[in-house]
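Engineer: Okay, handing you the structure first.
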Amino acid sequence: MNSRIDTTQVGIVGAGPAGLMLSHLLAKAGIDNIVVEKRDRETIAHTHRAGILEHGSVQLLTDSGVNGRVLTEGHRHDGIDLRFAGESHRIDFANLIGESVWLYPQNEVFVDLANARERDGGDVRYSITDTEVLDQTTATPKIRLTEADGTAVEIHCEILVGADGSQSVCRWSIPDTVRTDHFIEYPFAWFGILTEAPPSAPELIYANSDHGFALISQRSDTVQRMYFQCDPGTDASVWTEEQIWEELQKRVDGPDGFQLKRGRIFEQMVLPFRSYVCEPMRYGNLFLVGDAGHTVPPTGAKGLNLALADVRVLYEALEVFFTTKSSELLEMYSDTALQRVWRAQNFSYWMTNMLHTRADANPFERKRALGELTSVTSSRYGQQYLAESYTGWPHR
């Protein structure tokens, strides 16, 4: 079968927030691009994923003209609670460093970006199959695919971007002789729920207890998201609502009598934990952004923010390249992006290990972790490090 050939300046595989944000920024700069995505638009829009947006991510959404819905529909949080030994310790971001974060689900970020690309006439193709990337090290890298109507297409571009998530076709197209995979898997997972209930607290609670970790988060005035540490082999489907609420409650119990607000649980799942980094994040004219290049455990709220930070670095390099034909910033992209990636990996690893309790932890390890939490919460400098890392480092 002969393939239809489409040409563009930048071909983007993946229409999640990273791919669509890059497409949006490039279009505003007059750089032609095509985005292809294996999922359909409605599936992505209704895949519920938590979202804490750093102030830099919020600024990117609003200043670039996507829309301001994050400011009207999202919820600004000026801090978080670290709860351990049955007591809460607030980390006041606004007071410590003058910054905040925004609670805004990732699927809502996708909705905003998808609407913006449709509004601006962007070329975004959903429900494609048989995706293959080739000729990455040539001047004309290509994407082969089959469109939803069965049409075989080959997209010829100057720059190819892999924004296709943790199961990235683009990443695996980089030869093993070039690609180094850095990977660790944690000995625990998160049991997550969505529940119809009012918020149990105005801000996120990160709880460390003898029974394990819990995160009490929010989603809206009527729907909340919560998690507790569990074994990776846990079968979420066999847990009753009463068992789930009892498990969550005992991890936040304390002398202050704090009680979770309960409601009907309408979604429950187990999320495995892993950290991964691909080095380099460039192969010829192929560039990786977001989960295609790295994943972090959700404890530090870095996943989506790190993806958008990659996009900003790559966009600036592409704008210079297509304006001046200078490839200097493109050649620096991987090293520049990886500086922030490893910083985020360190913060996420630190938060994860400080807050979770391994099943085989001995009394020394348990008391050491409590000593670490006490050190952080009793020191303004310790709190400032956490606040700066959580709310996001300046863009360089």
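Letters for chains follow the order of the structure tokens (A, B, ...), residue numbers begin at 1 for each chain, and ligand numbers begin at 1 in the order shown.
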For Val109 of chain A, find every residue with an atom within 12 Å (counting only C-alpha atoms), except residues of its own chain fewer than 2 positions away, and show them as a ChimeraX atom specification.
Structural biologist: /A:15-21,44-53,57-58,60-62,66-71,73-74,102-107,111-116,304-305,308
Engineer: Could you pull the residues within 10 Å of Leu330 of chain A, counting only C-alpha atoms, minus those fewer than 5 positions along the same chain, as a VMD selection string?
Structural biologist: chain A and resid 282 285 287 313 to 321 335 to 336
Engineer: Next, dump the selected residues to file, keeping only N, CA and C atoms, as a PDB file, in the first residue's frame.
Structural biologist:
```pdb
ATOM      1  N   ARG A 282      18.181  12.832  23.565  1.00  0.00           N
ATOM      2  CA  ARG A 282      18.237  13.196  22.146  1.00  0.00           C
ATOM      3  C   ARG A 282      18.965  12.100  21.385  1.00  0.00           C
ATOM      4  N   ASN A 285      17.972  13.810  15.286  1.00  0.00           N
ATOM      5  CA  ASN A 285      16.928  14.835  15.281  1.00  0.00           C
ATOM      6  C   ASN A 285      15.667  14.385  16.016  1.00  0.00           C
ATOM      7  N   PHE A 287      13.967  14.070  19.762  1.00  0.00           N
ATOM      8  CA  PHE A 287      14.087  14.637  21.100  1.00  0.00           C
ATOM      9  C   PHE A 287      12.951  14.092  21.969  1.00  0.00           C
ATOM     10  N   VAL A 313      12.201  24.130  27.585  1.00  0.00           N
ATOM     11  CA  VAL A 313      13.596  24.115  27.132  1.00  0.00           C
ATOM     12  C   VAL A 313      13.675  23.779  25.643  1.00  0.00           C
ATOM     13  N   LEU A 314      12.924  22.757  25.210  1.00  0.00           N
ATOM     14  CA  LEU A 314      12.971  22.343  23.810  1.00  0.00           C
ATOM     15  C   LEU A 314      12.371  23.408  22.907  1.00  0.00           C
ATOM     16  N   TYR A 315      11.269  24.007  23.324  1.00  0.00           N
ATOM     17  CA  TYR A 315      10.650  25.049  22.508  1.00  0.00           C
ATOM     18  C   TYR A 315      11.619  26.198  22.248  1.00  0.00           C
ATOM     19  N   GLU A 316      12.308  26.649  23.293  1.00  0.00           N
ATOM     20  CA  GLU A 316      13.246  27.763  23.122  1.00  0.00           C
ATOM     21  C   GLU A 316      14.360  27.396  22.147  1.00  0.00           C
ATOM     22  N   ALA A 317      14.825  26.145  22.220  1.00  0.00           N
ATOM     23  CA  ALA A 317      15.868  25.692  21.298  1.00  0.00           C
ATOM     24  C   ALA A 317      15.347  25.617  19.863  1.00  0.00           C
ATOM     25  N   LEU A 318      14.107  25.135  19.711  1.00  0.00           N
ATOM     26  CA  LEU A 318      13.524  25.030  18.371  1.00  0.00           C
ATOM     27  C   LEU A 318      13.237  26.398  17.769  1.00  0.00           C
ATOM     28  N   GLU A 319      12.794  27.324  18.584  1.00  0.00           N
ATOM     29  CA  GLU A 319      12.526  28.677  18.074  1.00  0.00           C
ATOM     30  C   GLU A 319      13.805  29.299  17.516  1.00  0.00           C
ATOM     31  N   VAL A 320      14.907  29.142  18.240  1.00  0.00           N
ATOM     32  CA  VAL A 320      16.189  29.665  17.761  1.00  0.00           C
ATOM     33  C   VAL A 320      16.617  28.937  16.491  1.00  0.00           C
ATOM     34  N   PHE A 321      16.445  27.612  16.474  1.00  0.00           N
ATOM     35  CA  PHE A 321      16.858  26.822  15.314  1.00  0.00           C
ATOM     36  C   PHE A 321      16.109  27.237  14.054  1.00  0.00           C
ATOM     37  N   ASP A 335      21.437  17.757  27.857  1.00  0.00           N
ATOM     38  CA  ASP A 335      22.169  18.100  29.077  1.00  0.00           C
ATOM     39  C   ASP A 335      21.399  19.113  29.915  1.00  0.00           C
ATOM     40  N   THR A 336      20.791  20.101  29.252  1.00  0.00           N
ATOM     41  CA  THR A 336      20.041  21.127  29.979  1.00  0.00           C
ATOM     42  C   THR A 336      18.830  20.532  30.670  1.00  0.00           C
TER      43      THR A 336
END
```
Engineer: Could you please determine the separation between atom CA of Ser209 of chain A and atom CA of Arg358 of chain A in Å, to one decimal place?
Structural biologist: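 Separation between atom CA of Ser209 of chain A and atom CA of Arg358 of chain A: 11.1 Å.
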Engineer: Would you give me, as a ChimeraX atom specification, the residues in segment 135-321 of chain A that DSSP reads as strand (DSSP E or B)?
Structural biologist: /A:142-146,152-156,159-162,180-196,205-208,214-216,223-230,264-279,282-283,286-288,294-295
Engineer: Mind listing the alpha helix (DSSP H) residues of segment 138-236 of chain A, per DSSP on the backbone, as a list in words?
Structural biologist: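 So, restricting segment 138-236 of chain A to alpha helix (DSSP H), we get Val169, Cys170, Arg171 and Trp172 of chain A.
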Engineer: Between A:Tyr227, A:Glu246, A:Met332, A:Asp135, which is the closest to Glu154 of chain A once you count only C-alpha atoms?
Structural biologist: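 Closest residue, counting only C-alpha atoms: A:Asp135.
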Engineer: For Val101 of chain A, find every residue with an atom within 8 Å (counting only C-alpha atoms), except residues of its own chain fewer than 6 positions away, and show them as a VMD selection string.
Structural biologist: chain A and resid 52 to 55 76 to 79 391
Engineer: Could you save those same residues with all heavy atoms as a compact mmCIF listing (two decimals), in the first residue's frame?
Structural biologist:
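Okay, this is what ended up in part_18.txt:
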```
# COMPACT_ATOMS: atom_id res chain seq x y z
N ILE A 52 -0.80 18.53 40.64
CA ILE A 52 -0.33 19.70 41.37
C ILE A 52 0.57 20.45 40.42
O ILE A 52 1.58 19.91 39.94
CB ILE A 52 0.46 19.31 42.64
CG1 ILE A 52 -0.46 18.67 43.67
CG2 ILE A 52 1.16 20.53 43.22
CD1 ILE A 52 -1.45 19.64 44.31
N LEU A 53 0.21 21.67 40.09
CA LEU A 53 0.98 22.47 39.14
C LEU A 53 1.86 23.47 39.86
O LEU A 53 1.39 24.24 40.71
CB LEU A 53 0.04 23.22 38.19
CG LEU A 53 -0.83 22.37 37.26
CD1 LEU A 53 -1.66 23.28 36.35
CD2 LEU A 53 0.02 21.43 36.43
N GLU A 54 3.15 23.44 39.54
CA GLU A 54 4.07 24.44 40.06
C GLU A 54 3.68 25.81 39.50
O GLU A 54 3.01 25.92 38.47
CB GLU A 54 5.49 24.12 39.63
CG GLU A 54 6.02 22.78 40.12
CD GLU A 54 7.34 22.39 39.51
OE1 GLU A 54 7.84 23.14 38.63
OE2 GLU A 54 7.87 21.34 39.91
N HIS A 55 4.16 26.85 40.17
CA HIS A 55 3.81 28.20 39.70
C HIS A 55 4.32 28.45 38.29
O HIS A 55 3.66 29.14 37.49
CB HIS A 55 4.36 29.26 40.67
CG HIS A 55 5.85 29.20 40.88
ND1 HIS A 55 6.75 29.87 40.10
CD2 HIS A 55 6.58 28.53 41.80
CE1 HIS A 55 7.98 29.63 40.52
NE2 HIS A 55 7.91 28.81 41.55
N ARG A 76 -5.66 27.27 44.48
CA ARG A 76 -4.31 27.63 44.91
C ARG A 76 -4.04 27.09 46.31
O ARG A 76 -4.86 27.26 47.21
CB ARG A 76 -4.13 29.15 44.92
CG ARG A 76 -2.67 29.58 45.08
CD ARG A 76 -2.55 31.08 45.17
NE ARG A 76 -2.90 31.56 46.51
CZ ARG A 76 -2.99 32.86 46.83
NH1 ARG A 76 -2.80 33.78 45.90
NH2 ARG A 76 -3.30 33.21 48.06
N HIS A 77 -2.90 26.43 46.46
CA HIS A 77 -2.49 25.92 47.77
C HIS A 77 -1.19 26.63 48.18
O HIS A 77 -0.21 26.60 47.44
CB HIS A 77 -2.27 24.41 47.71
CG HIS A 77 -3.54 23.63 47.67
ND1 HIS A 77 -3.57 22.26 47.84
CD2 HIS A 77 -4.83 24.01 47.49
CE1 HIS A 77 -4.83 21.83 47.77
NE2 HIS A 77 -5.60 22.88 47.54
N ASP A 78 -1.21 27.22 49.34
CA ASP A 78 -0.05 27.96 49.83
C ASP A 78 0.83 27.12 50.74
O ASP A 78 1.79 27.63 51.33
CB ASP A 78 -0.51 29.21 50.59
CG ASP A 78 -1.15 30.24 49.68
OD1 ASP A 78 -0.78 30.28 48.49
OD2 ASP A 78 -2.02 31.00 50.14
N GLY A 79 0.53 25.82 50.86
CA GLY A 79 1.36 24.96 51.69
C GLY A 79 0.85 23.54 51.67
O GLY A 79 -0.12 23.20 50.99
N THR A 391 7.45 23.63 44.96
CA THR A 391 6.76 24.64 44.14
C THR A 391 7.45 24.88 42.81
O THR A 391 6.86 25.46 41.90
CB THR A 391 6.65 25.98 44.89
OG1 THR A 391 7.97 26.48 45.19
CG2 THR A 391 5.88 25.82 46.20
```
Engineer: Using only C-alpha atoms, determine which residues lie at most 10 Å from Thr140 of chain A, disregarding the query and same-chain residues fewer than 2 positions distant; provide the list as a PDB file with all heavy atoms, in the first residue's frame.
Structural biologist:
```
ATOM      1  N   THR A   7       4.113  16.705   5.036  1.00  0.00           N
ATOM      2  CA  THR A   7       5.362  17.337   5.473  1.00  0.00           C
ATOM      3  C   THR A   7       5.066  18.421   6.500  1.00  0.00           C
ATOM      4  O   THR A   7       4.025  19.079   6.454  1.00  0.00           O
ATOM      5  CB  THR A   7       6.120  17.966   4.289  1.00  0.00           C
ATOM      6  OG1 THR A   7       5.290  18.958   3.667  1.00  0.00           O
ATOM      7  CG2 THR A   7       6.492  16.912   3.265  1.00  0.00           C
ATOM      8  N   GLN A   9       7.370  20.943   9.807  1.00  0.00           N
ATOM      9  CA  GLN A   9       8.668  21.256  10.400  1.00  0.00           C
ATOM     10  C   GLN A   9       8.960  20.368  11.614  1.00  0.00           C
ATOM     11  O   GLN A   9      10.063  19.872  11.782  1.00  0.00           O
ATOM     12  CB  GLN A   9       8.724  22.738  10.788  1.00  0.00           C
ATOM     13  CG  GLN A   9       8.765  23.689   9.588  1.00  0.00           C
ATOM     14  CD  GLN A   9       8.630  25.137  10.003  1.00  0.00           C
ATOM     15  OE1 GLN A   9       7.550  25.595  10.384  1.00  0.00           O
ATOM     16  NE2 GLN A   9       9.734  25.878   9.942  1.00  0.00           N
ATOM     17  N   LEU A 134      11.384   6.605  12.160  1.00  0.00           N
ATOM     18  CA  LEU A 134      12.569   6.146  11.446  1.00  0.00           C
ATOM     19  C   LEU A 134      13.372   7.331  10.934  1.00  0.00           C
ATOM     20  O   LEU A 134      12.891   8.479  10.949  1.00  0.00           O
ATOM     21  CB  LEU A 134      12.193   5.225  10.295  1.00  0.00           C
ATOM     22  CG  LEU A 134      11.273   5.755   9.199  1.00  0.00           C
ATOM     23  CD1 LEU A 134      11.498   4.954   7.914  1.00  0.00           C
ATOM     24  CD2 LEU A 134       9.801   5.611   9.620  1.00  0.00           C
ATOM     25  N   ASP A 135      14.591   7.048  10.504  1.00  0.00           N
ATOM     26  CA  ASP A 135      15.505   8.056   9.947  1.00  0.00           C
ATOM     27  C   ASP A 135      15.768   9.195  10.931  1.00  0.00           C
ATOM     28  O   ASP A 135      15.922  10.355  10.529  1.00  0.00           O
ATOM     29  CB  ASP A 135      14.949   8.612   8.627  1.00  0.00           C
ATOM     30  CG  ASP A 135      14.808   7.545   7.549  1.00  0.00           C
ATOM     31  OD1 ASP A 135      15.500   6.508   7.663  1.00  0.00           O
ATOM     32  OD2 ASP A 135      14.013   7.739   6.621  1.00  0.00           O
ATOM     33  N   GLN A 136      15.862   8.849  12.229  1.00  0.00           N
ATOM     34  CA  GLN A 136      16.009   9.883  13.253  1.00  0.00           C
ATOM     35  C   GLN A 136      17.310  10.675  13.124  1.00  0.00           C
ATOM     36  O   GLN A 136      17.379  11.825  13.547  1.00  0.00           O
ATOM     37  CB  GLN A 136      15.948   9.265  14.659  1.00  0.00           C
ATOM     38  CG  GLN A 136      14.686   8.491  14.947  1.00  0.00           C
ATOM     39  CD  GLN A 136      14.880   7.007  14.693  1.00  0.00           C
ATOM     40  OE1 GLN A 136      15.365   6.619  13.635  1.00  0.00           O
ATOM     41  NE2 GLN A 136      14.513   6.184  15.662  1.00  0.00           N
ATOM     42  N   THR A 137      18.341  10.056  12.579  1.00  0.00           N
ATOM     43  CA  THR A 137      19.635  10.737  12.497  1.00  0.00           C
ATOM     44  C   THR A 137      19.852  11.431  11.150  1.00  0.00           C
ATOM     45  O   THR A 137      20.942  11.936  10.879  1.00  0.00           O
ATOM     46  CB  THR A 137      20.783   9.737  12.741  1.00  0.00           C
ATOM     47  OG1 THR A 137      20.721   8.707  11.754  1.00  0.00           O
ATOM     48  CG2 THR A 137      20.683   9.128  14.131  1.00  0.00           C
ATOM     49  N   THR A 138      18.825  11.469  10.324  1.00  0.00           N
ATOM     50  CA  THR A 138      18.930  12.154   9.028  1.00  0.00           C
ATOM     51  C   THR A 138      18.295  13.540   9.108  1.00  0.00           C
ATOM     52  O   THR A 138      17.728  13.920  10.132  1.00  0.00           O
ATOM     53  CB  THR A 138      18.221  11.347   7.922  1.00  0.00           C
ATOM     54  OG1 THR A 138      16.791  11.442   8.121  1.00  0.00           O
ATOM     55  CG2 THR A 138      18.642   9.890   7.958  1.00  0.00           C
ATOM     56  N   LYS A 142      11.094  10.629  10.093  1.00  0.00           N
ATOM     57  CA  LYS A 142       9.752  10.319   9.616  1.00  0.00           C
ATOM     58  C   LYS A 142       8.927   9.597  10.679  1.00  0.00           C
ATOM     59  O   LYS A 142       9.475   8.901  11.537  1.00  0.00           O
ATOM     60  CB  LYS A 142       9.827   9.458   8.353  1.00  0.00           C
ATOM     61  CG  LYS A 142      10.622  10.101   7.217  1.00  0.00           C
ATOM     62  CD  LYS A 142      10.857   9.136   6.078  1.00  0.00           C
ATOM     63  CE  LYS A 142      11.715   9.767   4.986  1.00  0.00           C
ATOM     64  NZ  LYS A 142      13.104  10.041   5.447  1.00  0.00           N
ATOM     65  N   ILE A 155       4.753  10.921   7.716  1.00  0.00           N
ATOM     66  CA  ILE A 155       4.983  12.341   7.994  1.00  0.00           C
ATOM     67  C   ILE A 155       6.483  12.608   7.925  1.00  0.00           C
ATOM     68  O   ILE A 155       7.261  12.002   8.665  1.00  0.00           O
ATOM     69  CB  ILE A 155       4.430  12.733   9.379  1.00  0.00           C
ATOM     70  CG1 ILE A 155       2.915  12.517   9.419  1.00  0.00           C
ATOM     71  CG2 ILE A 155       4.772  14.188   9.699  1.00  0.00           C
ATOM     72  CD1 ILE A 155       2.303  12.716  10.800  1.00  0.00           C
ATOM     73  N   HIS A 156       6.881  13.501   7.028  1.00  0.00           N
ATOM     74  CA  HIS A 156       8.273  13.904   6.889  1.00  0.00           C
ATOM     75  C   HIS A 156       8.459  15.227   7.632  1.00  0.00           C
ATOM     76  O   HIS A 156       7.687  16.176   7.432  1.00  0.00           O
ATOM     77  CB  HIS A 156       8.649  14.078   5.416  1.00  0.00           C
ATOM     78  CG  HIS A 156       8.651  12.799   4.644  1.00  0.00           C
ATOM     79  ND1 HIS A 156       9.277  12.661   3.423  1.00  0.00           N
ATOM     80  CD2 HIS A 156       8.119  11.583   4.926  1.00  0.00           C
ATOM     81  CE1 HIS A 156       9.115  11.427   2.977  1.00  0.00           C
ATOM     82  NE2 HIS A 156       8.408  10.760   3.874  1.00  0.00           N
ATOM     83  N   CYS A 157       9.475  15.309   8.481  1.00  0.00           N
ATOM     84  CA  CYS A 157       9.689  16.528   9.257  1.00  0.00           C
ATOM     85  C   CYS A 157      11.181  16.817   9.357  1.00  0.00           C
ATOM     86  O   CYS A 157      12.022  16.028   8.913  1.00  0.00           O
ATOM     87  CB  CYS A 157       9.061  16.389  10.641  1.00  0.00           C
ATOM     88  SG  CYS A 157       9.472  14.859  11.511  1.00  0.00           S
ATOM     89  N   GLU A 158      11.496  17.946   9.963  1.00  0.00           N
ATOM     90  CA  GLU A 158      12.892  18.295  10.216  1.00  0.00           C
ATOM     91  C   GLU A 158      13.311  17.889  11.623  1.00  0.00           C
ATOM     92  O   GLU A 158      14.457  17.518  11.859  1.00  0.00           O
ATOM     93  CB  GLU A 158      13.108  19.793  10.017  1.00  0.00           C
ATOM     94  CG  GLU A 158      12.873  20.286   8.609  1.00  0.00           C
ATOM     95  CD  GLU A 158      13.015  21.789   8.486  1.00  0.00           C
ATOM     96  OE1 GLU A 158      14.110  22.308   8.798  1.00  0.00           O
ATOM     97  OE2 GLU A 158      12.026  22.460   8.116  1.00  0.00           O
ATOM     98  N   ILE A 159      12.352  17.970  12.543  1.00  0.00           N
ATOM     99  CA  ILE A 159      12.578  17.618  13.939  1.00  0.00           C
ATOM    100  C   ILE A 159      11.470  16.668  14.379  1.00  0.00           C
ATOM    101  O   ILE A 159      10.293  16.901  14.095  1.00  0.00           O
ATOM    102  CB  ILE A 159      12.588  18.858  14.846  1.00  0.00           C
ATOM    103  CG1 ILE A 159      13.722  19.811  14.460  1.00  0.00           C
ATOM    104  CG2 ILE A 159      12.686  18.457  16.314  1.00  0.00           C
ATOM    105  CD1 ILE A 159      15.125  19.278  14.736  1.00  0.00           C
ATOM    106  N   LEU A 160      11.859  15.619  15.094  1.00  0.00           N
ATOM    107  CA  LEU A 160      10.907  14.638  15.597  1.00  0.00           C
ATOM    108  C   LEU A 160      10.932  14.682  17.125  1.00  0.00           C
ATOM    109  O   LEU A 160      12.005  14.675  17.739  1.00  0.00           O
ATOM    110  CB  LEU A 160      11.310  13.251  15.102  1.00  0.00           C
ATOM    111  CG  LEU A 160      10.501  12.038  15.547  1.00  0.00           C
ATOM    112  CD1 LEU A 160       9.052  12.163  15.112  1.00  0.00           C
ATOM    113  CD2 LEU A 160      11.124  10.761  14.980  1.00  0.00           C
ATOM    114  N   ASN A 285      17.972  13.810  15.286  1.00  0.00           N
ATOM    115  CA  ASN A 285      16.928  14.835  15.281  1.00  0.00           C
ATOM    116  C   ASN A 285      15.667  14.385  16.016  1.00  0.00           C
ATOM    117  O   ASN A 285      14.584  14.930  15.794  1.00  0.00           O
ATOM    118  CB  ASN A 285      16.588  15.243  13.844  1.00  0.00           C
ATOM    119  CG  ASN A 285      17.646  16.169  13.270  1.00  0.00           C
ATOM    120  OD1 ASN A 285      18.132  17.068  13.955  1.00  0.00           O
ATOM    121  ND2 ASN A 285      18.033  15.944  12.023  1.00  0.00           N
TER     122      ASN A 285
END
```
Engineer: List as a tab-separated table every residue of segment 16-106 of chain A that is in contact with segment 361-375 of chain A, defined as an atom at most 10 Å from one of its atoms (using only C-alpha atoms), together with the nearest atom pair and the distance in Å rounded to one decimal, sorted by chain and then rising number.
Structural biologist:
```
residue	atom	partner	partner_atom	distance
A:Leu82	CA	A:Leu373	CA	8.1
A:Arg83	CA	A:Leu373	CA	9.1
A:Phe84	CA	A:Leu370	CA	7.5
A:Ala85	CA	A:Leu370	CA	7.9
A:His89	CA	A:Thr374	CA	9.4
```
Engineer: Go ahead and compute the interatomic distance for atom CA of Arg225 of chain A and atom CA of Ile193 of chain A, in Å to one decimal.
Structural biologist: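 Computing the Euclidean distance for atom CA of Arg225 of chain A and atom CA of Ile193 of chain A yields 5.7 Å.
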Engineer: Tell me, as a ChimeraX atom specification, which residues lie within 7 Å of segment 214-219 of chain A, counting only C-alpha atoms; anything in the same chain fewer than 3 positions away does not count.
Structural biologist: /A:199,204-208,223-229,248,251
